[in-house]
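run.cif follows; it contains mmCIF, C-alpha atoms and all ligand atoms.
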```cif
data_work
loop_
_atom_site.label_atom_id
_atom_site.label_comp_id
_atom_site.auth_asym_id
_atom_site.auth_seq_id
_atom_site.Cartn_x
_atom_site.Cartn_y
_atom_site.Cartn_z
CA MET A 47 78.08 60.68 104.95
CA ILE A 48 79.66 60.71 101.52
CA ARG A 49 82.75 62.19 99.94
CA ILE A 50 82.56 65.97 99.42
CA ARG A 51 84.39 67.83 96.70
CA LYS A 52 85.39 71.29 97.93
CA SER A 53 85.50 73.79 95.07
CA GLN A 54 88.32 76.25 94.53
CA PRO A 55 89.38 79.00 94.92
CA THR A 56 88.85 79.72 98.62
CA PRO A 57 85.79 81.99 98.93
CA ALA A 58 85.98 85.54 100.25
CA PRO A 59 86.43 86.81 102.89
CA LEU A 60 88.54 83.89 104.19
CA PRO A 61 91.75 84.88 102.33
CA THR A 62 91.35 88.57 103.20
CA SER A 63 89.68 89.37 106.57
CA GLY A 64 90.25 85.77 107.67
CA ALA A 65 93.99 85.90 106.97
CA ARG A 66 94.30 89.26 108.74
CA HIS A 67 92.55 88.05 111.88
CA LEU A 68 94.49 84.79 111.83
CA LYS A 69 97.72 86.82 112.03
CA LYS A 70 96.40 88.49 115.19
CA LEU A 71 95.37 85.16 116.71
CA LYS A 72 98.87 83.75 116.14
CA GLU A 73 100.47 86.84 117.72
CA THR A 74 98.15 86.55 120.75
CA GLN A 75 99.05 82.89 121.22
CA GLU A 76 102.79 83.52 120.85
CA ALA A 77 102.66 86.39 123.37
CA ASP A 78 101.37 84.17 126.22
CA PRO A 79 100.88 80.45 125.43
CA PRO A 80 99.90 79.38 129.01
CA ALA A 81 97.16 82.03 129.20
CA CYS A 82 95.59 80.55 126.06
CA GLU A 83 95.35 77.17 127.77
CA VAL A 84 93.39 78.39 130.81
CA ALA A 85 89.91 76.87 130.96
CA GLY A 86 87.23 79.23 129.73
CA ASN A 87 89.58 81.88 128.33
CA THR A 88 88.49 83.70 125.19
CA LEU A 89 91.86 85.03 124.02
CA LEU A 90 91.80 83.12 120.73
CA GLU A 91 88.16 83.63 119.89
CA SER A 92 87.49 83.72 116.16
CA ARG A 93 85.11 86.12 114.43
CA ASP A 94 81.97 84.38 113.30
CA GLY A 95 81.20 87.21 110.89
CA ILE A 96 84.12 86.02 108.75
CA TYR A 97 83.47 82.28 108.44
CA ASN A 98 79.68 82.81 108.54
CA ASP A 99 79.82 85.22 105.60
CA ALA A 100 77.07 84.56 103.04
CA ARG A 101 79.67 83.85 100.33
CA VAL A 102 81.21 81.06 102.42
CA LYS A 103 77.81 79.59 103.26
CA GLU A 104 76.61 79.67 99.67
CA ARG A 105 79.72 77.90 98.42
CA LEU A 106 79.54 75.23 101.11
CA ARG A 107 75.86 74.60 100.37
CA ALA A 108 76.58 74.34 96.65
CA ASP A 109 79.56 72.00 97.14
CA GLN A 110 77.45 69.81 99.45
CA HIS A 111 74.34 69.90 97.22
CA ASP A 112 72.30 71.48 100.03
CA LYS A 113 72.93 68.52 102.31
CA CYS A 114 74.41 68.19 105.79
CA CYS A 115 78.04 67.05 105.54
CA TYR A 116 77.43 64.35 108.17
CA CYS A 117 73.87 62.99 108.03
CA GLU A 118 73.13 63.82 104.36
CA SER A 119 69.74 65.38 105.16
CA TYR A 120 68.63 68.17 102.85
CA PHE A 121 68.49 71.64 104.32
CA SER A 122 65.07 73.16 103.89
CA SER A 123 63.71 76.64 104.25
CA THR A 124 62.74 75.70 107.80
CA SER A 125 66.04 74.18 108.94
CA TYR A 126 69.07 76.39 108.97
CA GLY A 127 72.53 74.94 108.72
CA ASP A 128 75.65 75.95 110.60
CA VAL A 129 79.12 76.53 109.25
CA GLU A 130 80.91 73.64 110.89
CA HIS A 131 84.57 73.46 111.84
CA PHE A 132 85.72 69.87 111.32
CA ARG A 133 88.58 70.48 113.77
CA PRO A 134 86.84 72.56 116.48
CA LYS A 135 88.12 76.12 116.63
CA GLY A 136 87.33 77.10 120.24
CA GLY A 137 88.36 74.02 122.26
CA TYR A 138 88.30 70.24 121.90
CA GLN A 139 87.16 67.12 123.73
CA GLN A 140 88.64 63.68 123.10
CA ASP A 141 85.46 61.87 124.14
CA THR A 142 82.09 62.43 125.79
CA THR A 143 83.55 62.29 129.32
CA ASP A 144 86.40 64.67 128.54
CA ALA A 145 86.45 68.31 129.73
CA LEU A 146 86.79 71.07 127.13
CA HIS A 147 90.47 71.75 126.48
CA LYS A 148 91.79 75.14 125.39
CA PRO A 149 92.87 76.26 122.95
CA GLY A 150 91.07 74.59 120.08
CA TYR A 151 92.28 74.59 116.50
CA TYR A 152 92.08 78.41 116.39
CA TRP A 153 94.48 78.57 113.42
CA LEU A 154 91.95 76.62 111.31
CA ALA A 155 89.01 78.94 112.09
CA TYR A 156 89.19 80.45 108.59
CA ALA A 157 90.78 77.51 106.74
CA TRP A 158 88.59 76.55 103.78
CA SER A 159 89.67 72.91 104.11
CA ASN A 160 88.33 72.83 107.70
CA LEU A 161 84.87 74.24 106.94
CA TYR A 162 81.67 72.37 106.13
CA PHE A 163 77.96 72.98 106.37
CA ALA A 164 76.12 70.84 108.92
CA CYS A 165 72.55 70.60 110.13
CA GLN A 166 71.98 72.01 113.58
CA LEU A 167 71.29 68.61 115.12
CA CYS A 168 74.53 67.05 113.87
CA ASN A 169 76.52 70.14 114.77
CA GLN A 170 75.02 71.37 118.02
CA ARG A 171 73.41 68.35 119.66
CA PHE A 172 76.05 65.83 118.62
CA LYS A 173 79.44 66.85 117.20
CA GLY A 174 80.00 69.99 119.27
CA ASN A 175 83.68 70.16 120.23
CA TYR A 176 84.49 66.48 119.90
CA PHE A 177 87.52 65.62 117.86
CA PRO A 178 88.78 62.20 118.96
CA LEU A 179 92.24 61.02 117.94
CA ALA A 180 93.64 57.47 117.92
CA ASN A 181 96.76 58.91 119.52
CA PRO A 182 95.76 61.89 121.72
CA ALA A 183 99.42 62.59 122.59
CA SER A 184 100.07 63.66 119.00
CA ARG A 185 97.36 66.31 118.99
CA ALA A 186 98.40 69.63 117.43
CA ARG A 187 97.99 72.25 120.17
CA THR A 188 99.21 75.40 118.43
CA HIS A 189 99.74 76.73 114.92
CA ALA A 190 103.39 75.63 115.19
CA ASP A 191 102.32 71.96 115.38
CA SER A 192 101.40 69.77 112.41
CA ILE A 193 97.96 68.21 112.05
CA ALA A 194 99.49 65.75 109.57
CA VAL A 195 100.74 63.52 112.42
CA GLU A 196 97.30 63.25 114.02
CA GLN A 197 95.24 60.13 113.39
CA PRO A 198 91.65 61.43 113.66
CA LEU A 199 88.95 58.90 114.48
CA LEU A 200 86.59 60.87 112.23
CA PRO A 201 87.23 60.66 108.48
CA ASP A 202 87.48 64.03 106.74
CA PRO A 203 84.86 63.83 103.96
CA ALA A 204 86.88 66.06 101.63
CA THR A 205 89.99 63.88 101.68
CA GLU A 206 88.69 60.41 102.62
CA ASP A 207 85.78 58.24 101.51
CA PRO A 208 83.41 57.70 104.47
CA ALA A 209 82.05 54.59 102.70
CA SER A 210 85.29 52.82 103.69
CA HIS A 211 84.23 53.15 107.33
CA LEU A 212 80.42 53.23 107.30
CA THR A 213 77.75 51.21 105.57
CA PHE A 214 74.00 50.62 105.87
CA VAL A 215 71.87 47.55 106.30
CA GLU A 216 68.50 48.70 104.99
CA ASP A 217 68.14 52.10 106.71
CA ALA A 218 70.36 51.27 109.71
CA VAL A 219 73.88 52.66 109.73
CA GLN A 220 76.66 50.21 110.57
CA ALA A 221 80.34 50.73 111.34
CA LEU A 222 82.94 48.88 109.28
CA ASP A 223 85.74 49.84 111.68
CA ALA A 224 86.55 51.99 114.74
CA ARG A 225 86.44 55.18 112.70
CA GLY A 226 82.96 54.36 111.42
CA ALA A 227 81.87 53.63 115.00
CA SER A 228 83.16 57.07 116.04
CA CYS A 229 81.15 58.74 113.26
CA ILE A 230 77.93 57.07 114.44
CA VAL A 231 78.42 58.24 118.04
CA VAL A 232 79.90 61.70 117.39
CA PHE A 233 77.43 62.69 114.63
CA GLY A 234 74.44 60.79 116.06
CA LEU A 235 73.88 58.98 112.75
CA ASP A 236 71.60 56.41 114.40
CA ARG A 237 69.23 58.91 116.02
CA PRO A 238 65.55 57.91 115.66
CA GLU A 239 64.42 60.90 113.58
CA LEU A 240 67.17 60.25 111.04
CA LEU A 241 66.37 56.55 110.92
CA LYS A 242 62.75 57.38 110.15
CA ARG A 243 63.70 59.72 107.30
CA ARG A 244 66.08 57.16 105.78
CA GLN A 245 63.34 54.55 106.09
CA GLU A 246 60.92 56.78 104.15
CA ARG A 247 63.53 57.52 101.50
CA LEU A 248 64.29 53.83 100.99
CA LYS A 249 60.60 53.02 100.73
CA SER A 250 60.02 55.72 98.11
CA LEU A 251 63.02 54.50 96.11
CA LYS A 252 61.71 50.95 96.09
CA GLN A 253 58.36 52.27 94.87
CA ALA A 254 60.09 54.35 92.18
CA ARG A 255 62.12 51.35 91.06
CA PHE A 256 58.99 49.23 90.81
CA MET A 257 57.03 51.93 89.01
CA ALA A 258 59.86 52.62 86.56
CA SER A 259 59.89 48.96 85.55
CA LEU A 260 56.35 49.15 84.10
CA ASP A 261 56.37 48.99 80.31
CA LEU A 262 53.31 50.89 79.11
CA SER A 263 54.19 50.39 75.45
CA LYS A 264 52.94 46.79 75.67
CA PRO A 265 49.32 45.71 76.23
CA LEU A 266 48.62 46.05 79.94
CA ALA A 267 47.45 43.20 82.13
CA PRO A 268 43.73 43.56 83.03
CA ALA A 269 44.63 44.08 86.69
CA ILE A 270 46.79 47.08 85.83
CA THR A 271 44.11 48.52 83.53
CA ASP A 272 41.55 48.17 86.36
CA PHE A 273 44.01 49.82 88.71
CA LEU A 274 44.46 52.82 86.40
CA GLN A 275 40.69 53.17 86.13
CA GLU A 276 40.30 53.05 89.89
CA LEU A 277 42.88 55.84 90.25
CA LYS A 278 41.20 57.74 87.38
CA LEU A 279 44.51 57.87 85.53
CA SER A 280 44.74 58.11 81.76
CA THR A 281 47.45 56.13 79.99
CA ALA A 282 49.26 59.45 79.48
CA ASP A 283 49.10 60.19 83.22
CA ALA A 284 50.48 56.73 83.97
CA ALA A 285 53.26 57.21 81.39
CA ALA A 286 54.22 60.52 83.05
CA MET A 287 54.39 58.78 86.44
CA VAL A 288 56.62 56.06 85.01
CA THR A 289 58.92 58.70 83.50
CA GLU A 290 59.08 60.53 86.83
CA ALA A 291 59.81 57.28 88.66
CA GLN A 292 62.62 56.57 86.18
CA ARG A 293 64.10 60.02 86.84
CA ILE A 294 63.98 59.48 90.62
CA TRP A 295 65.68 56.11 90.19
CA ASP A 296 68.34 57.49 87.82
CA GLU A 297 69.26 60.26 90.28
CA ALA A 298 68.94 58.17 93.47
CA ALA A 299 72.63 57.59 94.06
CA LEU A 300 74.10 60.84 92.74
CA ASP A 301 76.07 63.02 95.17
CA SER A 302 73.12 65.44 95.01
CA ALA A 303 70.59 62.87 96.28
CA GLU A 304 69.50 62.80 99.91
CA PHE A 305 70.99 59.83 101.81
CA ALA A 306 73.07 58.75 98.78
CA GLY A 307 75.36 56.73 101.07
CA MET A 308 72.48 54.51 102.18
CA THR A 309 71.16 54.21 98.63
CA ARG A 310 74.55 53.08 97.32
CA ALA A 311 74.83 50.46 100.06
CA TYR A 312 71.32 49.10 99.43
CA PHE A 313 71.22 49.20 95.62
CA GLN A 314 74.65 47.88 94.71
CA ARG A 315 73.93 48.31 91.01
CA LEU A 316 73.57 52.06 91.53
CA ALA A 317 76.80 52.23 93.50
CA ASN A 318 78.67 50.57 90.66
CA SER A 319 77.10 52.52 87.79
ZN ZN B 1 73.15 66.46 109.86
#
```
Once more with this new file: its structure as structure tokens, please.
Ligand SMILES: [Zn+2]
Amino acid sequence: MIRIRKSQPTPAPLPTSGARHLKKLKETQEADPPACEVAGNTLLESRDGIYNDARVKERLRADQHDKCCYCESYFSSTSYGDVEHFRPKGGYQQDTTDALHKPGYYWLAYAWSNLYFACQLCNQRFKGNYFPLANPASRARTHADSIAVEQPLLPDPATEDPASHLTFVEDAVQALDARGASCIVVFGLDRPELLKRRQERLKSLKQARFMASLDLSKPLAPAITDFLQELKLSTADAAAMVTEAQRIWDEAALDSAEFAGMTRAYFQRLANS
């Protein structure tokens, strides 16, 4: 998880169709507040065609460099992402033992600041409707309440730096405080498949770093010359590999790199450059 810069202006159709439907949702809630709190009711259901519009998805993917907002995995042609509501729109749960409470943050269903792009595992298997607060009594329950008084246990990546709450030791994610601990549980950041992918990424970065340090402009040690012969590599081939390794290393900790949070924690020099 790293900081995400949301671009402006708000993409269509959030300010148009989204604003129109939001007006209806507010009117529905004001007409009968208790009915909107009944378990399982669908009175304040949002329209997924609005927030799932291709223009919204494209902008989120671009702002997030094609990575999941939580686990930092790249989306690929085989793994589709979901438009994710940071504050859940349909209902909320304080913790894993909590029932689903209605309504959710329906008034943020089309709010650009509340939308991210998440991988299906982070979104569907883990985060779901969880939105834990340090002070559940201050939770905003309707559009008349203010979310500013809430103290969410999950940092909002657009307004806070997750690195203040989470770090990595090698490929293992570690909490720096209670909010970091919530992120690990709620987003499943320590799930085995993710650990394996971070492990592979770290290994390939170490190899790139090592490879990039080779200076082919100087006479090569006999062992390296033998090695190149064994691999049937010309000096030009080897030089191209060193250049490629240097590029991988140079880009390793950019916002656009997969698992940049882990890379910054492991290679402090990259974090500070
Ligand atoms: Zn994810």
task: Write out as a PyMOL selection string each polymer residue whose atoms come within 10 Å of stretch 214-231 of chain A, counting only C-alpha atoms; drop sequence neighbours fewer than 6 positions from it.
output: chain A and resi 47+116-117+141-142+172-173+177-180+198-201+208+237+240-249+305+307-313
message: as number ranges by chain, please: every protein or nucleic acid residue near ligand ZN 1 (chain B) (cut-off 8 Å, counting all atoms listed in the file).
response: A: 113-119, 164-169, 233
- prompt: What lies within 7 Å of A:Val288 using all atoms listed in the file, ignoring chain neighbours under 5 positions off, as a PyMOL selection string?
  reply: chain A and resi 257-258+260
- prompt: Using only C-alpha atoms, which of A:Val129, A:Thr88, A:Leu277, A:Asp236 sits nearest A:Ala100?
  reply: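 Closest to A:Ala100, using only C-alpha atoms: A:Val129.
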- prompt: A:Asp202: which residues within 9 Å, counting all atoms listed in the file, same-chain residues fewer than 3 positions away excluded, as a list of chain:residue names?
  reply: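 That gives A:Arg49, A:Phe132, A:Asn160, A:Pro198, A:Thr205, A:Glu206, A:Asp207, A:Pro208.
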What does the file look like for those residues with C-alpha atoms, as a compact mmCIF listing (two decimals), keeping the file's coordinate frame?
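File written: again-v5.txt
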```txt
# COMPACT_ATOMS: atom_id res chain seq x y z
CA ARG A 49 82.75 62.19 99.94
CA PHE A 132 85.72 69.87 111.32
CA ASN A 160 88.33 72.83 107.70
CA PRO A 198 91.65 61.43 113.66
CA THR A 205 89.99 63.88 101.68
CA GLU A 206 88.69 60.41 102.62
CA ASP A 207 85.78 58.24 101.51
CA PRO A 208 83.41 57.70 104.47
```
Residues of stretch 84-116 of chain A at most 12 Å from stretch 60-65 of chain A: nearest atom pair and distance in Å, all atoms listed in the file, as CSV:
```
residue,atom,partner,partner_atom,distance
A:Ser92,CA,A:Gly64,CA,9.2
A:Arg93,CA,A:Gly64,CA,8.5
A:Asp94,CA,A:Gly64,CA,10.1
A:Gly95,CA,A:Gly64,CA,9.7
A:Ile96,CA,A:Gly64,CA,6.2
A:Tyr97,CA,A:Leu60,CA,6.8
A:Asn98,CA,A:Leu60,CA,9.9
A:Asp99,CA,A:Leu60,CA,8.9
A:Ala100,CA,A:Leu60,CA,11.5
A:Arg101,CA,A:Leu60,CA,9.7
A:Val102,CA,A:Leu60,CA,8.1
A:Lys103,CA,A:Leu60,CA,11.6
```
message: Can you measure atom CA of A:Ala306 to atom CA of A:Ser53 for me? One decimal in Å is fine.
response: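 Those two atoms sit 19.9 Å apart.
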query: Mind pulling up the distance from atom CA of A:Gln197 to atom CA of A:Tyr176?
result: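 Atom CA of A:Gln197 lies at a distance of 14.1 Å from atom CA of A:Tyr176.
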How big is the axis-aligned box around all listed atoms of stretch 189-199 of chain A once 4 Å goes on each side, and where's its centre, in Å to one decimal, as AutoDock Vina command-line options?
```
--center_x 96.2 --center_y 67.8 --center_z 112.5 --size_x 22.4 --size_y 25.8 --size_z 13.8
```
- request: Please provide the set of residues having any atom within 12 Å of A:Glu73, restricted to only C-alpha atoms, with same-chain residues fewer than 5 positions apart removed, written as a list in words.
  value: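 Non-adjacent residues within range: Arg66, His67, Leu68, Asp78, Pro79, Cys82, Leu89, Leu90, Tyr152, Trp153, Thr188, His189 and Ala190 of chain A.
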For atom CA of A:Ala85 and atom CA of A:Asp191, the interatomic separation in Å (one decimal):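 Separation of atom CA of A:Ala85 and atom CA of A:Asp191: 20.5 Å.
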query: Which of these, A:Arg171, A:Lys135, A:Arg51, A:His111, has the shortest distance to A:Val232 once you count only C-alpha atoms?
result: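 For A:Val232, the nearest of the candidates is A:Arg171.
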